[in-house]
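Notes to accompany the following structure.
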Amino acid sequence: MNEREPGAAAETAPSESDLLRNRRENLRRVGELGLPTTAFRFPVDATVSEIRERYAGIDAERLESGKPAVVTAGRVLALRTAGKAGFLDLSDGRTRVQVYLRRDAVGDAAFELYRALDLGDWIGVEGEVFRTRTGELSVKAQRLSLLAKCWRPLPEKWHGLKDVESRYRQRYLDLAVNPDSRAVFERRAAIVRHIRAFLEARGYLEVETPMMQPIAGGAVARPFVTHHNALDLPLYLRIAPELYLKRLVVGGMPRVYEINRNFRNEGISTQHNPEFTMLEFYQAYAEAKDLVQLTEELLSGLAVAVTGSAQTPWSGATLDWTPPFKRLTMRDAVVAFSKEDPRGEIRREDLAREEGLLAAAERYEVDAPERFRGRKGKLLAEVFEAVAESHLVQPTFIEEFPTEVSPLSRQRPDDPEWVDRFELYAGGMEIANGFSELNDPEEQALRFRRQAEERERGDLEATAYDADYVEALEYGLPPTAGEGLGIDRLTMLLTDSHSIRDVILFPLMRPRT
RNA sequence: GGGCCGUUAGCUCAGCUGGUUAGAGCAUCGGCCUUUUAAGCCGGUGGUCCUGGGUUCGAGUCCCAGACGGCCCA
């Protein structure tokens with residue numbers, strides 16, 4: 001066993017290598033039959049899914065009289081031999097169709113090829129569609145081609161690939177054997193497609209703005225830092241496209257949108273991936289409440305378009321996307337949800353005073369609330385998050401945000417402590433954030449200075465002063481409302497997925513050591 | 001960052017208070033089978049029990065440290 005003789009490596013190899021060697025041996029057999037072991041192209045005229053759709057309602061007799069011919073291809077996911085005949089399941093990643101082979105129909109060489117197939121091999125099949133005596137839609141093969149060998153064993157046929165780490169690290173295996181996973185990403189694409197069509201129909205122009213920015217603005221978050229060598233310039237991966245999109249509105253593009261990646265150098269969780277996809281859109285001559293209505297229209301139509309219903313499943317419950325969505329002010333939400341919370345009721349008066357807010361923050365275990373002393377707005381936002389967020393399961397707009405936590409929003413004319421802003425929550429997650437845009441350059445400069453002060457006091461999330469953006473505002477931003485909507489979280493909601501990693505093809509993972 | 005949980009064959013999982021040579025199903029290998037379908041029947045192969053220390057006559061199992069992952073909290 002431990003003897004090492006020249007050329008005997010295969011004999012001393014561990015078991016996984018046995019599985020690999022068997023596959024290599026099967027490939028060699030195909031070559032010995034004089035058959036191609038690989039292919040450059042294959043003229044598919046019907047995918048597996050198309051075969052299933054096309055012949056779904058056609059019974060055995062009609063198929064027998066018509067003998068419809070198909071040329072199809074896919075991955076072998078099951079093999080069942082039966083003497084001088086055999087079956088295999090061919091997958092296109094969405095669904096499977098059975099292929100039936102008889103030695104007397106395909107000939108000896110093709111049948112030997114069939115016998116040398118391994119699970120996972122890519123094959124091409126020419127044959128006739130028929131139904132077996134149990135009614136199973138099948139393709140009776142006349143020709144069989146090996147298109148590409150699968151050199152490694154695939155996960156098990158019945159349970160699929162369950163190990164979450166492998167599913168994320170080797171997404172190709174997840175997709176190869178778990179059609180549910182494929183369906184999530186198809187739906188994700190459908191969501192983005194629907195959003196584009198919705199906005200295009202309303203005159204929005206899709207644009208692309210910088211992902212690498214000299215100043216990372218437009219949101220409250222820590223950025224990733226990089227460097228441009230030729231310009232010897234520090235750059236940040238964007239945390240939001242906001243300030244560039246509004247520059248476009250200054251430039252006279254009244255309706256713009258962008259669907260693309262943002263990057264935030266923060267923790268990873270079931271709701272956070274360092275890179276994530278946002279829709280941001282801006283509409284001139286509008287204010288926040290116009291976008292509230294637009295959002296309801298977009299999401300209710302979207303739910304119907306991609307799931308077939310305005311009621312969508314969410315961990316055993318149902319989300320109802322029928323407009324109008326619920327509406328609550330931030331303060332009302334805190335008061336209402338704290339009533340039944342064992343951590344104690346918070347009264348409206350508590351929210352008016354700093355001491356009341358600090359006490360509430362303490363009770364609701366906000367991390368180190370003392371650091372927010374002198375910032376009532378920030379404290380309220382923290383308390384809201386701790387008290388209310390998890391309760392906001394049905395789509396709900398939270399309205400009335402403190403100016404202090406909204407450096408880019410327009411104040412309410414009747415009370416400058418508050419801005420004209422909303423956030424949409426669903427499934428206990430924030431999924432959208434919109435507001436009437438601050439278009440007064442002097443006020444914007446003031447807000448930036450306040451943020452800079454916070455930054456100096458150690459708040460690494462505070463936004464930096466962006467003089468170039470203030471200058472743009474000086475050329476005049478028309479009254480405008482804008483909104484950001486998280487595509488990943490929206491996809492989670494519409495696919496009943498409870499981790500953001502389940503809706504991102506390749507979520508960030510620590511490299512395997 | 002903190003707490004809890006997990007890591008055993010290619011995959012999905014058992015493995016009790018430490019005690020024979022670590023098991024099952026699927027996959028794989030050999031044989032039989034021309035409408036099977038989680039095909040079936042007969043017979044085999046396959047293990048860095050995550051890693052490194054420690055306790056013990058004896059460790060997959062207990063202890064410590066670490067790696068990776070999951071969930072919850074922040």
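By convention here, the chains of the structure tokens are called A, B, ... in the order presented, each chain's residues are numbered starting at 1, and ligands are numbered starting at 1 in the order presented.
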Inset, instruction - Find the spatial neighbours of Leu19 of chain A, counting only C-alpha atoms (C1' of nucleotides), within a cut-off of 10 Å - ignore same-chain residues fewer than 3 positions away - and output them as number ranges by chain. - result: A: 14-16, 22-25, 151-153; B: 10, 27-29, 46
Please produce a file of the residues just selected, as a PDB file, in the first residue's frame, where the atoms kept are C-alpha atoms (C1' of nucleotides).
```pdb
ATOM      1  CA  PRO A  14      -6.617   8.314  -2.305  1.00  0.00           C
ATOM      2  CA  SER A  15     -10.217   7.470  -3.019  1.00  0.00           C
ATOM      3  CA  GLU A  16     -11.259  10.729  -4.645  1.00  0.00           C
ATOM      4  CA  ASN A  22     -12.758   6.027 -13.486  1.00  0.00           C
ATOM      5  CA  ARG A  23     -14.000   9.041 -15.393  1.00  0.00           C
ATOM      6  CA  ARG A  24     -10.734   9.410 -17.230  1.00  0.00           C
ATOM      7  CA  GLU A  25     -10.921   5.750 -18.110  1.00  0.00           C
ATOM      8  CA  TRP A 151     -13.984  15.027 -14.789  1.00  0.00           C
ATOM      9  CA  ARG A 152     -15.230  15.214 -11.235  1.00  0.00           C
ATOM     10  CA  PRO A 153     -18.137  13.628  -9.380  1.00  0.00           C
TER      11      PRO A 153
ATOM     12  C1'   G B  10     -17.347  12.501  -4.011  1.00  0.00           C
ATOM     13  C1'   A B  27     -22.422   8.006  -6.250  1.00  0.00           C
ATOM     14  C1'   U B  28     -18.357   4.671  -7.848  1.00  0.00           C
ATOM     15  C1'   C B  29     -16.355  -0.549  -9.563  1.00  0.00           C
ATOM     16  C1'   G B  46     -13.695   4.041  -0.959  1.00  0.00           C
TER      17        G B  46
END
```
Using only C-alpha atoms (C1' of nucleotides), I'd like a table of the residues in chain A that come within 6 Å of chain B; for each, show the closest atom pair and its distance in Å rounded to one decimal, ordered by chain and ascending number, as a tab-separated table.
```
residue	atom	partner	partner_atom	distance
A:Ser15	CA	B:G46	C1'	5.3
A:Ala82	CA	B:C33	C1'	5.3
A:Gly83	CA	B:C33	C1'	4.7
A:Lys84	CA	B:U34	C1'	5.3
A:Ala85	CA	B:U34	C1'	4.9
A:Thr132	CA	B:U35	C1'	5.3
A:Arg133	CA	B:U35	C1'	5.9
A:Pro153	CA	B:G10	C1'	5.5
A:Pro155	CA	B:C11	C1'	4.4
A:Glu156	CA	B:C11	C1'	4.4
A:His159	CA	B:U12	C1'	5.9
A:Glu165	CA	B:G69	C1'	6.0
```
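Note that the spacing between atom CA of Pro507 of chain A and atom CA of Ala221 of chain A amounts to 19.4 Å.
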Inset, instruction - Extract, using only C-alpha atoms (C1' of nucleotides), all DNA, RNA and protein residues at most 6 Å from segment 68-81 of chain A, discarding same-chain residues fewer than 2 positions from it, and format them as a PyMOL selection string. - result: chain A and resi 44-47+66+86-92+119-129
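With only C-alpha atoms as the atoms that count, the minimum distance from Pro511 of chain A to the choices A:Leu146, A:Lys289, A:Ala116, A:Arg169 is reached by A:Arg169.
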At a cut-off of 8 Å, using only C-alpha atoms (C1' of nucleotides), what residues contact Thr307 of chain A? Leave out same-chain residues fewer than 4 positions from it and give the result as an mmCIF file with N, CA and C atoms, in the first residue's frame.
```cif
data_model
loop_
_atom_site.group_PDB
_atom_site.id
_atom_site.type_symbol
_atom_site.label_atom_id
_atom_site.label_comp_id
_atom_site.auth_asym_id
_atom_site.auth_seq_id
_atom_site.Cartn_x
_atom_site.Cartn_y
_atom_site.Cartn_z
ATOM 1 N N ALA A 303 -44.296 42.565 -8.312
ATOM 2 C CA ALA A 303 -44.654 41.311 -7.634
ATOM 3 C C ALA A 303 -45.532 40.457 -8.546
ATOM 4 N N THR A 312 -47.068 37.689 -1.832
ATOM 5 C CA THR A 312 -45.913 36.809 -2.028
ATOM 6 C C THR A 312 -45.541 36.150 -0.708
ATOM 7 N N LEU A 494 -38.833 38.734 -2.908
ATOM 8 C CA LEU A 494 -39.674 38.148 -3.954
ATOM 9 C C LEU A 494 -39.276 36.711 -4.290
#
```
Inset, instruction - Enumerate as a PyMOL selection string all residues of segment 43-135 of chain A assigned to alpha helix (DSSP H) by DSSP on the backbone, naming them with the chain letters and numbers the document uses. - result: chain A and resi 48-54+60-66+103-106+108-115
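Using only C-alpha atoms for every distance, the candidate list A:Tyr100, A:Tyr236, A:Phe263, A:Tyr257 yields A:Tyr257 as the residue closest to Ala197 of chain A.
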Inset, instruction - Among the residues of segment 34-198 of chain A, find those DSSP assigns to strand (DSSP E) from the backbone and print them as a VMD selection string. - result: chain A and resid 69 to 82 85 to 91 96 to 102 122 to 131 137 to 148
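Between atom CA of Ser390 of chain A and atom CA of Gln451 of chain A the separation is 28.3 Å.
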Inset, instruction - Find the spatial neighbours of A14 of chain B, counting only C-alpha atoms (C1' of nucleotides), within a cut-off of 10 Å - ignore same-chain residues fewer than 6 positions away - and output them as a PyMOL selection string. - result: chain B and resi 8+23-24
Writing out the chosen residues with N, CA, C and O atoms (P, O5', C5', C4', C3', O3' and C1' of nucleotides) as a PDB file, in the first residue's frame:
```
ATOM      1  P     U B   8     -17.704  17.091   7.358  1.00  0.00           P
ATOM      2  O5'   U B   8     -17.287  15.875   8.292  1.00  0.00           O
ATOM      3  C5'   U B   8     -15.926  15.512   8.430  1.00  0.00           C
ATOM      4  C4'   U B   8     -15.793  14.035   8.661  1.00  0.00           C
ATOM      5  C3'   U B   8     -16.468  13.152   7.624  1.00  0.00           C
ATOM      6  O3'   U B   8     -15.690  13.008   6.450  1.00  0.00           O
ATOM      7  C1'   U B   8     -17.090  12.401   9.760  1.00  0.00           C
ATOM      8  P     G B  23     -16.853  -0.065  10.403  1.00  0.00           P
ATOM      9  O5'   G B  23     -18.372  -0.083   9.998  1.00  0.00           O
ATOM     10  C5'   G B  23     -18.831   0.732   8.951  1.00  0.00           C
ATOM     11  C4'   G B  23     -20.239   1.111   9.244  1.00  0.00           C
ATOM     12  C3'   G B  23     -21.043   1.482   8.000  1.00  0.00           C
ATOM     13  O3'   G B  23     -21.588   0.329   7.380  1.00  0.00           O
ATOM     14  C1'   G B  23     -21.271   3.178   9.618  1.00  0.00           C
ATOM     15  P     A B  24     -21.898   0.332   5.832  1.00  0.00           P
ATOM     16  O5'   A B  24     -23.269   1.151   5.767  1.00  0.00           O
ATOM     17  C5'   A B  24     -24.420   0.662   6.447  1.00  0.00           C
ATOM     18  C4'   A B  24     -25.552   1.630   6.272  1.00  0.00           C
ATOM     19  C3'   A B  24     -25.829   2.031   4.819  1.00  0.00           C
ATOM     20  O3'   A B  24     -26.616   1.060   4.159  1.00  0.00           O
ATOM     21  C1'   A B  24     -25.776   3.970   6.174  1.00  0.00           C
TER      22        A B  24
END
```
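Of the residues under consideration (A:Thr480, A:Thr95, A:Thr277, A:Asn260), A:Thr95 shows the shortest atom-to-atom contact distance to Asp180 of chain A when counting only C-alpha atoms.
The space separating atom CA of Thr491 of chain A from atom CA of Phe384 of chain A comes to 24.5 Å.
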Inset, instruction - Could you check which of A:Arg489, A:Arg510, A:Arg94, A:Arg238 is closest to Ala432 of chain A, using only C-alpha atoms? - result: A:Arg489
Inset, instruction - Would you mind listing what lies within 8 Å of Gly428 of chain A as number ranges by chain, with only C-alpha atoms (C1' of nucleotides) counted and same-chain residues fewer than 4 positions away left out? - result: A: 389-393
